[in-house]
Each structure stands twice: as C-alpha cells, then as structure tokens.
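Engineer: Take a look at the following structure, please.
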Amino acid sequence: MHAPWFLNSASAAPQLRIGILLDRPTLPAYLAEALEHVANSNFARLELAIFNPQAARPPNVSSAGHGLFTRYVARDAKRISETPDPLAEVDCSHCFKHVASLSVTPIADLDSQRFPDDDVAHIREKNLDVLIKLGFENLRGDILNAARYGVWAYHHGDPDRYRGGPPYFWEVYENNLLTCTALERLADDPNDNQILYKGVFATLQGSSWARNRVQPYWGSTTFLIQKLRQLHECGWESVEAEILKPSSTRLGKTYSLPTDLEMLPWLSRVFLRTGANRVRHSIVGEELPHWMLGVKTKETLKPCLEGDGLQAVRRMHPSGAALAAEELRPRLASNFAHTHTPLNLRDFRWIRSPRGHFYADPFVIEHESKPWVFFEDLPYSTDKGIIVCAEINPDGNLSPAIPVLELPYHLSYPCIFRESGELYMVPESVADGTVQLYRCERFPDGWKQVKVLLRAPAVDTTVWIEGGLYWFFVTLQEPRGGGLQLWLFYSRSLAGELIHHPRSPISTDIRYSRGAGAIFREDGKLIRPSQDCSGSYGRLIVFNEITKLNEHEYAERPGAVIDTHSVPNMIGTHSYGRVGDVVVIDGCMPLPAKQVR
C-alpha cells in the first residue's frame with residue numbers, strides 16, 4: 001500500500017526516537033515490512049532494540065481437545081498457496097545492524113510480563129518517543145511509560161469484540177461481516193488500551209481462516225508508519241484527538257482455540273452449506289454476478305425486470321436477498337431529489353443489458369437540457385469493460401448505448417464532471433496502474449487524454465471542485481490482500497500536481513473507503529456516496545456527509561444507505577447518480593451464466 005508516500009515528513013521537528021521490543025531478529029513478513037517503513041523513513045530513527053532471551057517459539061496446537069481444529073488448519077492452509085504468506089518468517093537483522101541492543105528477561109506476573117526496574121531505568125535514559133511492541137507477551141507496569149508516547153502494538157481483531165485468538169478465525173466462525181486490525185497504545189488494563197488506528201476489512205465469505213487473515217495482515221502494514229508520520233508532522237495533540245473511544249458494547253469475553261465441541265457443529269454447517277451449493281450448482285449451473293442499471297424519473301412506468309431468466313432464478317433462490325437482512329439492517333436513503341422520500345428500488349425501471357454484457361457504475365449529467373448516463377459496459381466474452389453512454393428518456397428507458405472510450409485494458413467507473421464549460425472524465429483504469437484525466441472534444445464520443453494524474457493501483461477515483469481547489473478521492477488497493485484505503489489529494493489546477501492531504505488515508509473502513517458515484521450537495525450538505533463492501537463486493541451504498549474539507553482537515557460522518565432488500569434476489573448496489581429529477585443506480589443479481597453470456 002504505497003508506503004513511500006509516508007516515508008517523508010515535511011516537518012523540521014527532530015526525528016522521532018524509536019525503540020523496538022522483539023523476541024528474535026526474525027519477524028512475520030507483514031511486521032517486517034512495517035519495520036522497514038520505519039527504518040527507511042526520514043522522520044524516525046531506530047535507537048534501541050530490546051530482545052527477550054527467554055522467548056520461545058509458539059508451540060504447535062495440541063490435539064488434545066482441539067483435534068478437529070488441527071485438521072481443519074492443515075487442510076485450510078492449502079487454499080492460499082498462491083498468495084504471499086503474511087506470517088512467513090523474515091530475517092530483519094539488517095535493520096538493527098547499527099542500533100544499540102538490550103537483552104531483558106521479563107518477570108512473569110500471572111498472565112502478563114513486567115520489566116525489572118533497572119531495565120526500565122536504562123530504557124528511559126534513551127529518551128525514546130515510542131516503543132513498538134513486536135514481541136514479548138502481555139506487558140504491564142512501568143515499561144508502558146518508559147517512552148514519551150508509550151508502547152504501541154498491533155491488535156489483530158476488533159478490540160471491542162475480539163480479544164484472544166486465533167486472530168481472524170472467530171469472525172469466520174461467527175459469520176461476522178467485518179474483520180478488523182488496530183494499532184493500540186497499551187495500558188495496564190487491556191480494556192484501557194487506546195485505539196490509535198483501526199482498519200476495517202471485509203470478512204471473506206466461506207469457511208477459510210487462511211484466506212480471511214491475508215487481507216487484514218497485509219492491509220495493516222502501513223498503519224504504524226502512518227501514525228508515526230502524523231505524530232512527527234502534527235504532534236501528539238493531533239494523534240490524541242483521533243483516538244477511538246471504546247464501544248459501549250465492548251465484550252468482556254476472551255477468545256481461545258476452538259474446542260472439538262465448538263468445531264463439530266460449525267464444520268457440520270459448513271459441509272451442509274457446501275453440499276447445498278453443489279446441488280444448486282448442478283441444477284442452475286454456473287452463476288455470474290449480473291449488474292444492471294435502474295432508472296427513476298418523474299414519468300417512470302411500472303418497473304420491469306425483463307426476461308424469464310430473472311423470474312426463474314427467483315423461484316430457484318427464494319432466499320436470495322438474505323444478505324440485506326443481516327445484523328442491523330440500515331435505514332433506507334432519501335432519493336436526494338428534494339422530496340426526501342424513501343428510495344425503493346421497486347420504483348426503478350431496470351434496464352436489461354444486451355445478452356453477453358452487464359451494465360454498471362452510472363454517472364449522470366445534463367447536456368443540452370437532456371439527461372445522459374455514462375457507465376461501464378462489460379462483455380462477458382472479454383471481461384474487459386469499456387465506457388458507453390446513453391440518453392435517458394422521460395419514461396426511464398435508455399437510447400441505444402454509444403461507445404465513448406475503449407482502451408486495451410479494462411475501464412469502469414467513468415467519473416464525469418463539468419469545469420469551465422467543458423466536460424472531463426476520470427475513468428477507473430486500475431488495470432493500467434494509472435489514474436487518467438480525459439477532456440471531451442466532441443460530445444458524446446470524442447475524448448482525449450489530458451494527463452496521467454497518478455501512477456498507482458487506484459479504483460473509483462471521484463472528483464470534486466470547490467474553493468478554487470480540485471479534490472481527488474482515490475481508493476488505493478493493497479495488491480496482496482485486496483485491502484482498501486481512501487486517499488484524498490488536491491490540486492490548484494485540474495491537470496496540476498496532486499498533493500496528498502495530510503489526513504490521508506481518510507478511511508481504512510471497507511464500508512466507506514470506496515466511491516459509489518459523484519459527490520453532490522443537497523440542502524447545503526456535501527454528500528459523498530460510498531460502497532459498503534462488507535460481506536460482499538458492492539453490497540449497498542452509504543451516503544456520507546463531509547463536515548470538514550480544507551487543505552489541513554477532513555471529516556465525514558455516515559448517514560442513510562440504499563439497501564437492496566426491496567427487490568427479491570438483488571444482492572448489491574454500488575453506484576448512485578442523479579441530475580434534477582432523474583436518479584440512476586446499479587443493482588446486482590446472481591444469474592445462471594447460460595442466460596446472460
């Protein structure tokens with residue numbers, strides 16, 4: 001995740017003095033990467049490496065009472081052989097080659113460890129700013145205050161819900177849609193730990209612990225360097241102001257290895273679900289997530305989901321809308337078209353794409369007093385999207401789609417906007433590793449590239465213009481685990497240099513970190529639609545109100561959402577566009593491949 005942008009601080013403040021708490025010179029790969037970021041930065045300096053000479057390698061899981069879990073782990077590990085293992089051991093000796101070291105034998109204290117007073121005094125003499133805990137067991141006592149800003153450590157799991165372990169297993173076991181990683185400042189009582197940073201990832205659907213842990217481990221490698229950079233540039237007051245408060249529903253339970261009695265009913269459910277899926281697959285055949293556009297106008301006729309295929313799949317899957325009914329069903333959004341009535345997806349005319357194609361990612365504009373929609377057209381035969389557009393008729397139908405931009409690689413999410421009387425577009429071109437700006441020289445199909453704005457694995461870039469500044473909301477992908485971070489850039493001219501905002505990333509939460517259409521104002525409020533991808537890609541749309549936006553500050557709060565439960569078997573919606581009284585969204589249904597290819 002583009003850590004090089006975090007390796008330099010513009011502040012003239014003295015370098016941060018960092019100490020590292022370790023069991024041995026080898027670290028899991030994700031921690032080795034986090035340590036490399038610190039070692040290579042221009043604002044932090046490793047001053048002391050503290051080793052635990054009595055540290056033992058984690059013992060193998062005993063089969064006594066945990067035999068089912070042991071066999072499950074061995075089988076599950078085979079599922080991710082093609083993915084870089086975030087827990088693979090990496091030798092980090094080179095990071096400590098010129099760093100003072102100290103060997104400390106901790107004092108065992110029930111379920112925790114304390115440092116001898118002499119060692120704490122010696123560590124204090126180093127005048128450290130932060131101690132980073134990458135080893136040792138549960139620390140208590142004076143060592144937690146031996147550095148100016150305390151001891152920082154990764155916590156794997158939601159600190160409010162999952163303490164103990166194994167990390168990221170119980171989220172799969174309990175069908176929790178969210179998997180979290182946090183960076184904490186440690187306290188004597190773990191319930192008093194301060195959450196400095198929290199990343200929220202989607203729990204991968206299915207039963208694989210090995211697959212589920214890849215994303216949060218790799219996706220958290222920049223958390224440490226991000227907070228250290230903020231500390232250096234903005235001071236502790238800035239870091240302290242963003243400390244997350246514990247949830248009022250924090251669980252007191254500490255998790256541990258699942259017993260055979262816990263594994264048996266869960267594995268039985270997994271096998272039953274797997275068998276049911278195989279039966280369904282034998283009846284229906286291969287299914288594809290099929291995206292389509294929904295249009296709502298003042299004159300929209302009775303909505304129609306055309307074709308026998310859609311009706312047939314509903315009969316086969318009467319529980320197809322189950323995802324929308326999961327815990328804490330969100331509120332329906334207003335339609336943001338001045339009426340503030342609930343947005344019911346049954347009020348839309350659903351446009352069936354030509355056979356062999358799906359339609360998604362609508363952006364709506366007005367041209368010569370007529371509404372037009374630009375969107376992604378993806379042929380299943382090529383799996384390579386192109387950008388097309390169509391005029392929206394008063395009854396909600398579309399004119400024939402016109403291709404407007406096709407390149408040798410996949411395109412989607414055509415963020416189209418007007419500036420100084422001209423039309424511009426920033427399509428998603430993550431397949432090329434770039435963010436590109438285009439200008440319309442002939443409407444609707446004459447587009448010319450102006451500039452490559454950014455070279456990065458970016459998706460769903462959304463542009464907003466205000467106060468003489470050009471704001472670019474860019475979602476960056478972690479290529480190894482698919483984690484997402486929403487970055488904010490700004491520029492003083494449309495094709496000028498992009499400056500990353502000091503609060504970037506402004507979201508590391510899978511529910512808000514990916515754009516879902518054009519930013520807009522409604523009743524004086526600035527609204528940023530985002531995709532909630534918890535549970536599944538593009539599950540629903542969240543409308544976030546931006547409350548602060550300037551060169552130094554950014555803040556937003558989530559509001560209403562668009563849920564898909566009103567349309568049987570619809571499992572997702574992830575783009576929203578509106579101009580005047582015309583609203584266009586997209587929706588996803590799983591359909592038999594033979595009916596759409």
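Just so we're on the same page: first chain in the structure tokens is A, next is B, and so on; residues restart at 1 for each chain, and ligands are numbered from 1 in the order they show up.
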Identify, on the basis of only C-alpha atoms, every residue whose closest approach to Gly67 in chain A does not exceed 12 Å; exclude the query and any residue fewer than 6 positions from it along the same chain; express the result as number ranges by chain.

Structural biologist: A: 60-61, 73-74, 257-264

Engineer: Using only C-alpha atoms, which residues of range 149-252 of chain A come within 8 Å of range 534-556 of chain A, and what is the closest atom pair for each, with the distance in Å to one decimal? Give it as a tab-separated table, sorted by chain and residue number.

Structural biologist:
residue	atom	partner	partner_atom	distance
A:Leu177	CA	A:Gly535	CA	4.8
A:Leu178	CA	A:Ser534	CA	6.1
A:Phe201	CA	A:Ser534	CA	7.3
A:Ala202	CA	A:Ser534	CA	4.7
A:Thr203	CA	A:Gly535	CA	6.3
A:Leu204	CA	A:Gly535	CA	7.0
A:Gln205	CA	A:Gly535	CA	6.6

Engineer: If DSSP is run on the backbone, what residues of range 120-237 of chain A are strand (DSSP E)? A reply as a list in words would be ideal.

Structural biologist: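 After running DSSP on the backbone, range 120-237 of chain A has strand (DSSP E) at Val130, Leu131, Ile132, Lys133, Val151, Trp152, Ala153, Tyr154, His155, His156, Arg163, Gly164, Leu178, Thr179, Cys180, Thr181, Ala182, Leu183, Glu184, Arg185, Gln194, Ile195, Leu196, Tyr197, Lys198, Gly199, Val200, Phe201 and Ala202 of chain A.
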
Engineer: Could the residues in this selection be saved with C-alpha atoms as a CSV table (one decimal), in the first residue's frame?

Structural biologist:
chain,number,residue,atom,x,y,z
A,130,VAL,CA,7.8,5.5,21.1
A,131,LEU,CA,8.3,1.9,22.0
A,132,ILE,CA,7.0,-0.5,19.3
A,133,LYS,CA,6.0,-3.9,20.6
A,151,VAL,CA,4.2,1.4,23.9
A,152,TRP,CA,2.4,0.8,20.6
A,153,ALA,CA,1.3,-2.6,19.3
A,154,TYR,CA,-0.8,-4.2,16.7
A,155,HIS,CA,-4.1,-5.8,17.8
A,156,HIS,CA,-5.5,-8.4,15.4
A,163,ARG,CA,-9.5,-10.3,22.2
A,164,GLY,CA,-7.6,-13.5,22.4
A,178,LEU,CA,-16.2,-7.3,9.4
A,179,THR,CA,-12.6,-8.2,10.3
A,180,CYS,CA,-10.5,-5.6,12.0
A,181,THR,CA,-6.9,-4.7,12.8
A,182,ALA,CA,-6.0,-2.0,15.2
A,183,LEU,CA,-2.9,-0.1,16.4
A,184,GLU,CA,-3.1,0.5,20.1
A,185,ARG,CA,-1.3,2.3,22.8
A,194,GLN,CA,-6.1,3.5,23.4
A,195,ILE,CA,-7.0,2.7,19.8
A,196,LEU,CA,-4.7,4.9,17.7
A,197,TYR,CA,-5.8,3.5,14.3
A,198,LYS,CA,-8.4,1.0,13.2
A,199,GLY,CA,-8.7,-0.7,9.8
A,200,VAL,CA,-11.9,-2.5,8.9
A,201,PHE,CA,-11.8,-5.2,6.3
A,202,ALA,CA,-14.5,-7.5,4.8

Engineer: Enter the distance from CA of Ser238 in chain A to CA of Ile225 in chain A, in Å, rounded to one decimal.

Structural biologist: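 Answer for the CA of Ser238 in chain A to CA of Ile225 in chain A separation: 15.1 Å.
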
Engineer: With only C-alpha atoms as the atoms that count, which of A:Cys588, A:Leu267, A:Val450, A:Ala146 lies nearest to Phe69 in chain A?

Structural biologist: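 Going through A:Cys588, A:Leu267, A:Val450, A:Ala146 one by one, the smallest distance to Phe69 in chain A is for A:Leu267.
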
Engineer: Neighbours of range 511-525 of chain A within 6 Å (only C-alpha atoms; same-chain residues fewer than 4 positions away dropped), as a list in words?

Structural biologist: Asp460, Thr475, Gln485, Leu486, Ser507, Pro529, Ser530, Gln531, Asp532, Cys533, His574, Ser575, Tyr576 and Gly577 of chain A

Engineer: What does the file look like for those residues with N, CA and C atoms, as a CSV table (one decimal), in the first residue's frame?

Structural biologist:
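And here is the file that came out, part35.csv:
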chain,number,residue,atom,x,y,z
A,460,ASP,N,-12.0,3.7,-8.6
A,460,ASP,CA,-13.1,4.5,-8.3
A,460,ASP,C,-12.7,5.9,-7.8
A,475,THR,N,-9.2,5.6,-4.2
A,475,THR,CA,-9.1,4.4,-3.4
A,475,THR,C,-8.0,3.6,-3.9
A,485,GLN,N,-7.7,1.6,1.0
A,485,GLN,CA,-7.6,2.8,1.7
A,485,GLN,C,-8.0,4.0,0.9
A,486,LEU,N,-8.9,4.8,1.4
A,486,LEU,CA,-9.3,6.0,0.7
A,486,LEU,C,-8.4,7.2,0.9
A,507,SER,N,-10.0,7.1,5.1
A,507,SER,CA,-10.8,5.9,5.5
A,507,SER,C,-10.0,4.6,5.2
A,529,PRO,N,-21.1,9.6,-1.7
A,529,PRO,CA,-21.6,8.2,-1.7
A,529,PRO,C,-20.4,7.2,-1.6
A,530,SER,N,-20.6,6.2,-0.9
A,530,SER,CA,-19.5,5.1,-0.8
A,530,SER,C,-20.2,3.8,-0.8
A,531,GLN,N,-19.3,2.8,-1.2
A,531,GLN,CA,-19.8,1.4,-1.3
A,531,GLN,C,-19.5,0.7,0.1
A,532,ASP,N,-20.5,0.1,0.6
A,532,ASP,CA,-20.3,-0.8,1.7
A,532,ASP,C,-20.0,-2.2,1.2
A,533,CYS,N,-18.8,-2.6,1.2
A,533,CYS,CA,-18.4,-3.9,0.7
A,533,CYS,C,-18.2,-5.0,1.8
A,574,HIS,N,-24.0,-0.5,-6.0
A,574,HIS,CA,-22.8,0.2,-5.6
A,574,HIS,C,-22.5,1.5,-6.4
A,575,SER,N,-23.4,2.0,-7.1
A,575,SER,CA,-23.2,3.3,-7.7
A,575,SER,C,-24.5,4.1,-7.8
A,576,TYR,N,-24.4,5.4,-7.5
A,576,TYR,CA,-25.6,6.3,-7.5
A,576,TYR,C,-25.3,7.6,-8.3
A,577,GLY,N,-26.2,8.0,-9.1
A,577,GLY,CA,-26.0,9.2,-9.9
A,577,GLY,C,-27.4,9.9,-10.0

Engineer: When distances are computed from only C-alpha atoms, which of A:Tyr149, A:Pro216, A:Val583, A:Glu422 shows the smallest separation from Pro394 in chain A?

Structural biologist: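 Among the listed residues, the smallest separation from Pro394 in chain A belongs to A:Val583.
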
Engineer: Could you jot down the CA of Arg114 in chain A to CA of Ala187 in chain A separation for me, Å, one decimal place?

Structural biologist: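 Going from CA of Arg114 in chain A over to CA of Ala187 in chain A, I get 12.5 Å.
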
Engineer: Give me, as a list in words, all polymer residues having an atom no more than 10 Å from Asp188 in chain A, counting only C-alpha atoms and skipping those fewer than 4 positions away in the same chain.

Structural biologist: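 Answer for this query is Ser112, Asn138, Leu139, Arg140, Gly141, Asp142, Ile143, Leu144, Asp192 and Asn193 of chain A.
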
Engineer: Suppose we keep C-alpha atoms; can you now write the selection as a PDB file, in the first residue's frame?

Structural biologist:
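Contents of selection17.pdb, freshly written:
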ATOM      1  CA  SER A 112       1.492 -10.853  31.933  1.00  0.00           C
ATOM      2  CA  ASN A 138       1.266  -9.132  27.628  1.00  0.00           C
ATOM      3  CA  LEU A 139       3.232  -6.224  29.088  1.00  0.00           C
ATOM      4  CA  ARG A 140       2.279  -4.452  32.296  1.00  0.00           C
ATOM      5  CA  GLY A 141       3.923  -1.982  34.660  1.00  0.00           C
ATOM      6  CA  ASP A 142       6.424   0.835  34.255  1.00  0.00           C
ATOM      7  CA  ILE A 143       7.690  -0.268  30.834  1.00  0.00           C
ATOM      8  CA  LEU A 144       4.442   1.058  29.371  1.00  0.00           C
ATOM      9  CA  ASP A 192      -7.981   0.849  28.756  1.00  0.00           C
ATOM     10  CA  ASN A 193      -5.796   0.464  25.665  1.00  0.00           C
TER      11      ASN A 193
END

Engineer: Residues of range 27-125 of chain A in alpha helix (DSSP H) according to DSSP, as a PyMOL selection string?

Structural biologist: chain A and resi 29-40+67-76+117-125

Engineer: Go ahead and write the selection's residues with N, CA and C atoms as an mmCIF file, in the first residue's frame.

Structural biologist:
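The result, stored in selection-v7.cif:
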data_model
loop_
_atom_site.group_PDB
_atom_site.id
_atom_site.type_symbol
_atom_site.label_atom_id
_atom_site.label_comp_id
_atom_site.auth_asym_id
_atom_site.auth_seq_id
_atom_site.Cartn_x
_atom_site.Cartn_y
_atom_site.Cartn_z
ATOM 1 N N ALA A 29 6.258 -11.643 8.012
ATOM 2 C CA ALA A 29 6.511 -10.789 6.855
ATOM 3 C C ALA A 29 5.793 -9.443 6.943
ATOM 4 N N TYR A 30 4.568 -9.429 7.440
ATOM 5 C CA TYR A 30 3.841 -8.157 7.485
ATOM 6 C C TYR A 30 4.474 -7.201 8.503
ATOM 7 N N LEU A 31 4.984 -7.740 9.632
ATOM 8 C CA LEU A 31 5.662 -6.889 10.608
ATOM 9 C C LEU A 31 7.043 -6.468 10.112
ATOM 10 N N ALA A 32 7.708 -7.350 9.387
ATOM 11 C CA ALA A 32 8.999 -6.987 8.800
ATOM 12 C C ALA A 32 8.835 -5.805 7.856
ATOM 13 N N GLU A 33 7.754 -5.814 7.087
ATOM 14 C CA GLU A 33 7.505 -4.698 6.173
ATOM 15 C C GLU A 33 7.209 -3.419 6.947
ATOM 16 N N ALA A 34 6.413 -3.517 8.006
ATOM 17 C CA ALA A 34 6.114 -2.344 8.824
ATOM 18 C C ALA A 34 7.391 -1.771 9.435
ATOM 19 N N LEU A 35 8.294 -2.646 9.870
ATOM 20 C CA LEU A 35 9.562 -2.196 10.445
ATOM 21 C C LEU A 35 10.441 -1.537 9.390
ATOM 22 N N GLU A 36 10.461 -2.094 8.187
ATOM 23 C CA GLU A 36 11.239 -1.494 7.090
ATOM 24 C C GLU A 36 10.780 -0.071 6.821
ATOM 25 N N HIS A 37 9.477 0.171 6.877
ATOM 26 C CA HIS A 37 8.977 1.526 6.668
ATOM 27 C C HIS A 37 9.588 2.495 7.683
ATOM 28 N N VAL A 38 9.632 2.079 8.938
ATOM 29 C CA VAL A 38 10.202 2.949 9.977
ATOM 30 C C VAL A 38 11.683 3.182 9.712
ATOM 31 N N ALA A 39 12.402 2.115 9.399
ATOM 32 C CA ALA A 39 13.847 2.221 9.185
ATOM 33 C C ALA A 39 14.181 3.102 7.982
ATOM 34 N N ASN A 40 13.300 3.131 6.983
ATOM 35 C CA ASN A 40 13.582 3.877 5.753
ATOM 36 C C ASN A 40 12.983 5.279 5.733
ATOM 37 N N GLY A 67 -8.441 -31.459 18.223
ATOM 38 C CA GLY A 67 -8.077 -32.254 17.057
ATOM 39 C C GLY A 67 -8.772 -31.815 15.789
ATOM 40 N N LEU A 68 -10.049 -31.462 15.876
ATOM 41 C CA LEU A 68 -10.777 -31.019 14.684
ATOM 42 C C LEU A 68 -10.200 -29.716 14.149
ATOM 43 N N PHE A 69 -9.832 -28.823 15.061
ATOM 44 C CA PHE A 69 -9.246 -27.552 14.623
ATOM 45 C C PHE A 69 -7.888 -27.794 13.967
ATOM 46 N N THR A 70 -7.091 -28.700 14.540
ATOM 47 C CA THR A 70 -5.780 -29.012 13.972
ATOM 48 C C THR A 70 -5.918 -29.527 12.538
ATOM 49 N N ARG A 71 -6.857 -30.438 12.327
ATOM 50 C CA ARG A 71 -7.048 -30.990 10.977
ATOM 51 C C ARG A 71 -7.622 -29.926 10.037
ATOM 52 N N TYR A 72 -8.504 -29.097 10.546
ATOM 53 C CA TYR A 72 -9.063 -28.001 9.736
ATOM 54 C C TYR A 72 -7.963 -27.044 9.284
ATOM 55 N N VAL A 73 -7.069 -26.689 10.198
ATOM 56 C CA VAL A 73 -5.981 -25.756 9.867
ATOM 57 C C VAL A 73 -5.093 -26.337 8.773
ATOM 58 N N ALA A 74 -4.737 -27.606 8.893
ATOM 59 C CA ALA A 74 -3.857 -28.236 7.900
ATOM 60 C C ALA A 74 -4.502 -28.251 6.519
ATOM 61 N N ARG A 75 -5.779 -28.552 6.474
ATOM 62 C CA ARG A 75 -6.466 -28.593 5.189
ATOM 63 C C ARG A 75 -6.679 -27.187 4.627
ATOM 64 N N ASP A 76 -7.013 -26.270 5.508
ATOM 65 C CA ASP A 76 -7.314 -24.906 5.072
ATOM 66 C C ASP A 76 -6.085 -24.195 4.512
ATOM 67 N N ASP A 117 13.112 -3.114 37.261
ATOM 68 C CA ASP A 117 13.239 -1.656 37.413
ATOM 69 C C ASP A 117 14.515 -1.132 36.764
ATOM 70 N N ASP A 118 15.627 -1.872 36.904
ATOM 71 C CA ASP A 118 16.904 -1.397 36.338
ATOM 72 C C ASP A 118 16.806 -1.292 34.816
ATOM 73 N N ASP A 119 16.137 -2.253 34.198
ATOM 74 C CA ASP A 119 16.000 -2.217 32.737
ATOM 75 C C ASP A 119 15.100 -1.064 32.300
ATOM 76 N N VAL A 120 14.037 -0.830 33.053
ATOM 77 C CA VAL A 120 13.159 0.300 32.725
ATOM 78 C C VAL A 120 13.935 1.610 32.820
ATOM 79 N N ALA A 121 14.747 1.748 33.862
ATOM 80 C CA ALA A 121 15.540 2.971 34.023
ATOM 81 C C ALA A 121 16.520 3.144 32.871
ATOM 82 N N HIS A 122 17.134 2.049 32.450
ATOM 83 C CA HIS A 122 18.084 2.113 31.335
ATOM 84 C C HIS A 122 17.375 2.532 30.031
ATOM 85 N N ILE A 123 16.194 2.007 29.833
ATOM 86 C CA ILE A 123 15.433 2.346 28.621
ATOM 87 C C ILE A 123 15.022 3.820 28.655
ATOM 88 N N ARG A 124 14.634 4.308 29.839
ATOM 89 C CA ARG A 124 14.245 5.727 29.952
ATOM 90 C C ARG A 124 15.409 6.659 29.602
ATOM 91 N N GLU A 125 16.629 6.219 29.912
ATOM 92 C CA GLU A 125 17.809 7.052 29.607
ATOM 93 C C GLU A 125 17.957 7.301 28.106
#

Engineer: Using only C-alpha atoms, can you tell me which of A:Val99, A:Ala147, A:Ala49, A:Val435 comes closest to Leu134 in chain A?

Structural biologist: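 So, comparing all the options, the nearest one is A:Ala49.
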
Engineer: Give me the residues near Ile386 in chain A as number ranges by chain, where near means some atom within 10 Å (using only C-alpha atoms) and where sequence neighbours in that chain fewer than 2 positions away do not count.

Structural biologist: A: 375-379, 383-384, 388, 403-414, 427

Engineer: So that I can check the surroundings of Ile365 in chain A, please list as an NGL selection string every protein, DNA and RNA residue that reaches within 8 Å of it, counting only C-alpha atoms and ignoring chain neighbours fewer than 6 positions away.

Structural biologist: :A and (371-373 or 416-417 or 578-579)

Engineer: Taking only C-alpha atoms into account, name the residue in A:Asn393, A:Ser381, A:Asn127, A:Thr462 that is nearest to Met425 in chain A.

Structural biologist: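 Nearest to Met425 in chain A: A:Thr462.
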
Engineer: What separation in Å, quoted to one decimal, exists between CA of Arg79 in chain A and CA of Ser208 in chain A?

Structural biologist: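 Between CA of Arg79 in chain A and CA of Ser208 in chain A the gap works out to 7.8 Å.
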